[in-house]
Each structure stands twice: as structure tokens, then as C-alpha cells.
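Below is one structure, written out as C-alpha cells, with a few remarks after it.
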Amino acid sequence: MNINPDLLAILCCPETKQKVTVAEDDVIKTLNVSVTQGELTNKGNRPVTEPFDGGLVREDGTVLYPIRDNIPVMLIEEGIPLTRVH
């Protein structure tokens, strides 16, 4: 996933204000498999039903914010807890 470095520099986690970095491709692939199997929920406890193109991982590595159609979805309830998939 390619994201504008200037945009990445100003984005942060809306919950903790930690910096975010672009997620590795293997993390996105693993999460998208969970999406297709109906096993992934977001922080709002709703099932994630659409695969995503990429993601931004919070600095502490516990939350991923999905990127859909090249737009980061930086909403707390849309964050995907990474502790559930590891």
C-alpha cells in the first residue's frame, strides 16, 4: 500500500494520539482471510464484512485502522484489534 508520506506524517491514532505506520502486506492478507471467513470484528464489536486494501498500525502494534479505496478510516470504532488475530 502506497500512502503519501506527508499524509502519514500528520495521521495518528484517534484514541491514543500515537503515531501510525503502514501495515505489512502479510498482516493485511491474514486479516483479509479472517474477513472472508467471518471471524474479524472491529473495536465497535461489529463484524468486518469488507476486505481492505491496506492499513495503518498504531505505534504500540495493537490496533490497525483499515484503508479502503486509498482512504484511511481513522475512526476509533473501525479500528481492528490486532491482539485478536495473534
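Going through the C-alpha cells in order, the chains are called A, B, and so on, while each chain numbers its residues from 1 and the ligands are numbered from 1 in the order shown.
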
With stretch 18-22 of chain A as the partner and 12 Å as the cut-off, tabulate the residues of stretch 63-85 of chain A that qualify, each row holding the nearest pair of atoms and their distance in Å to one decimal, using only C-alpha atoms, sorted by chain and rising number, as a Markdown table.
| residue | atom | partner | partner_atom | distance |
| --- | --- | --- | --- | --- |
| A:Val63 | CA | A:Val20 | CA | 9.5 |
| A:Leu64 | CA | A:Val20 | CA | 8.7 |
| A:Tyr65 | CA | A:Val20 | CA | 8.9 |
| A:Pro66 | CA | A:Val22 | CA | 10.1 |
| A:Ile67 | CA | A:Val22 | CA | 9.7 |
| A:Pro72 | CA | A:Val22 | CA | 10.4 |
| A:Met74 | CA | A:Val20 | CA | 10.4 |

Practice prompt. Fewer than 2 positions away in the same chain doesn't count, so skip those; otherwise give me all residues within 12 Å of A:Asn4, counting only C-alpha atoms, as a count of residues only.
Written response: 13

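Ranking A:Thr83, A:Thr30, A:Thr62, A:Asn45 by their shortest atom-to-atom distance to A:Glu15, with only C-alpha atoms included, puts A:Thr62 first.
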
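For chain A, backbone-based DSSP assignment of strand (DSSP E or B) covers Cys12, Lys19, Val20, Thr21, Val22, Thr41, Pro47, Gly54, Gly55, Leu56, Val57, Arg58, Val63, Leu64, Tyr65, Pro66, Ile67, Arg68, Ile71, Pro72, Ile80 and Pro81 of chain A.
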
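Atom CA of A:Gln37 to atom CA of A:Ile80 spans 15.5 Å [interatomic distance, one decimal].
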
Discussion item. Can you measure atom CA of A:Ser34 to atom CA of A:Glu59 for me? One decimal in Å is fine.
Written reply: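 Going from atom CA of A:Ser34 over to atom CA of A:Glu59, I get 22.5 Å.
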
Just the helix (DSSP H, G or I) stuff from chain A, please, per backbone DSSP, written as an mmCIF file with N, CA and C atoms, in the first residue's frame.
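selection_6.cif, written as the output of this step:
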data_model
loop_
_atom_site.group_PDB
_atom_site.id
_atom_site.type_symbol
_atom_site.label_atom_id
_atom_site.label_comp_id
_atom_site.auth_asym_id
_atom_site.auth_seq_id
_atom_site.Cartn_x
_atom_site.Cartn_y
_atom_site.Cartn_z
ATOM 1 N N PRO A 5 3.595 10.270 2.041
ATOM 2 C CA PRO A 5 4.367 10.461 3.281
ATOM 3 C C PRO A 5 3.939 11.696 4.079
ATOM 4 N N ASP A 6 3.503 12.742 3.392
ATOM 5 C CA ASP A 6 3.033 13.935 4.101
ATOM 6 C C ASP A 6 1.758 13.645 4.882
ATOM 7 N N LEU A 7 0.871 12.849 4.281
ATOM 8 C CA LEU A 7 -0.358 12.458 4.981
ATOM 9 C C LEU A 7 -0.029 11.563 6.166
ATOM 10 N N LEU A 8 0.851 10.602 5.947
ATOM 11 C CA LEU A 8 1.232 9.682 7.019
ATOM 12 C C LEU A 8 1.845 10.434 8.204
ATOM 13 N N ALA A 9 2.579 11.484 7.920
ATOM 14 C CA ALA A 9 3.243 12.262 8.980
ATOM 15 C C ALA A 9 2.244 12.971 9.895
ATOM 16 N N ILE A 10 1.059 13.282 9.387
ATOM 17 C CA ILE A 10 0.096 14.013 10.224
ATOM 18 C C ILE A 10 -0.970 13.108 10.835
ATOM 19 N N ASP A 25 2.260 -6.165 4.260
ATOM 20 C CA ASP A 25 1.323 -6.879 3.382
ATOM 21 C C ASP A 25 0.842 -8.188 3.981
ATOM 22 N N ASP A 26 1.718 -8.918 4.686
ATOM 23 C CA ASP A 26 1.297 -10.205 5.247
ATOM 24 C C ASP A 26 0.248 -10.035 6.343
ATOM 25 N N VAL A 27 0.303 -8.927 7.076
ATOM 26 C CA VAL A 27 -0.715 -8.649 8.102
ATOM 27 C C VAL A 27 -2.065 -8.408 7.429
ATOM 28 N N ILE A 28 -2.051 -7.634 6.351
ATOM 29 C CA ILE A 28 -3.294 -7.341 5.623
ATOM 30 C C ILE A 28 -3.879 -8.630 5.038
ATOM 31 N N LYS A 29 -3.035 -9.461 4.465
ATOM 32 C CA LYS A 29 -3.517 -10.723 3.891
ATOM 33 C C LYS A 29 -4.144 -11.609 4.960
ATOM 34 N N THR A 30 -3.495 -11.713 6.107
ATOM 35 C CA THR A 30 -4.023 -12.525 7.210
ATOM 36 C C THR A 30 -5.374 -11.993 7.685
ATOM 37 N N LEU A 31 -5.461 -10.677 7.848
ATOM 38 C CA LEU A 31 -6.723 -10.082 8.302
ATOM 39 C C LEU A 31 -7.820 -10.264 7.263
ATOM 40 N N ASN A 32 -7.488 -10.115 5.980
ATOM 41 C CA ASN A 32 -8.499 -10.282 4.940
ATOM 42 C C ASN A 32 -9.007 -11.718 4.858
ATOM 43 N N VAL A 33 -8.163 -12.696 5.165
ATOM 44 C CA VAL A 33 -8.625 -14.082 5.249
ATOM 45 C C VAL A 33 -9.661 -14.196 6.366
ATOM 46 N N SER A 34 -9.378 -13.567 7.501
ATOM 47 C CA SER A 34 -10.332 -13.585 8.622
ATOM 48 C C SER A 34 -11.637 -12.899 8.246
ATOM 49 N N VAL A 35 -11.554 -11.837 7.444
ATOM 50 C CA VAL A 35 -12.761 -11.147 6.986
ATOM 51 C C VAL A 35 -13.607 -12.093 6.143
ATOM 52 N N THR A 36 -12.988 -12.768 5.186
ATOM 53 C CA THR A 36 -13.749 -13.651 4.300
ATOM 54 C C THR A 36 -14.338 -14.850 5.046
ATOM 55 N N ILE A 76 -12.266 5.423 15.786
ATOM 56 C CA ILE A 76 -11.941 4.508 16.880
ATOM 57 C C ILE A 76 -12.692 3.192 16.734
ATOM 58 N N GLU A 77 -13.999 3.258 16.493
ATOM 59 C CA GLU A 77 -14.798 2.029 16.438
ATOM 60 C C GLU A 77 -14.490 1.176 15.208
ATOM 61 N N GLU A 78 -13.852 1.741 14.194
ATOM 62 C CA GLU A 78 -13.486 0.976 12.995
ATOM 63 C C GLU A 78 -12.108 0.326 13.122
ATOM 64 N N LEU A 82 -5.512 -5.963 16.940
ATOM 65 C CA LEU A 82 -4.597 -6.972 16.425
ATOM 66 C C LEU A 82 -4.350 -8.097 17.421
ATOM 67 N N THR A 83 -4.642 -7.886 18.680
ATOM 68 C CA THR A 83 -4.443 -8.932 19.676
ATOM 69 C C THR A 83 -5.375 -10.107 19.445
ATOM 70 N N ARG A 84 -6.474 -9.895 18.744
ATOM 71 C CA ARG A 84 -7.443 -10.961 18.476
ATOM 72 C C ARG A 84 -6.972 -11.903 17.386
#

Worksheet item: So what do you get for atom CA of A:Glu24 versus atom CA of A:Thr41, distance-wise?
Response: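 These atoms are spaced 19.6 Å apart.
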
Fill in: Best match for closeness to A:Leu56 among A:Lys43, A:Ile3, A:Ala23, A:Pro14, counting only C-alpha atoms
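Of A:Lys43, A:Ile3, A:Ala23, A:Pro14, the one nearest A:Leu56, counting only C-alpha atoms, is A:Ala23.
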
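Using only C-alpha atoms, the smallest distance between any of A:Pro47, A:Cys12, A:Asp60, A:Glu39 and A:Val73 comes from A:Cys12.
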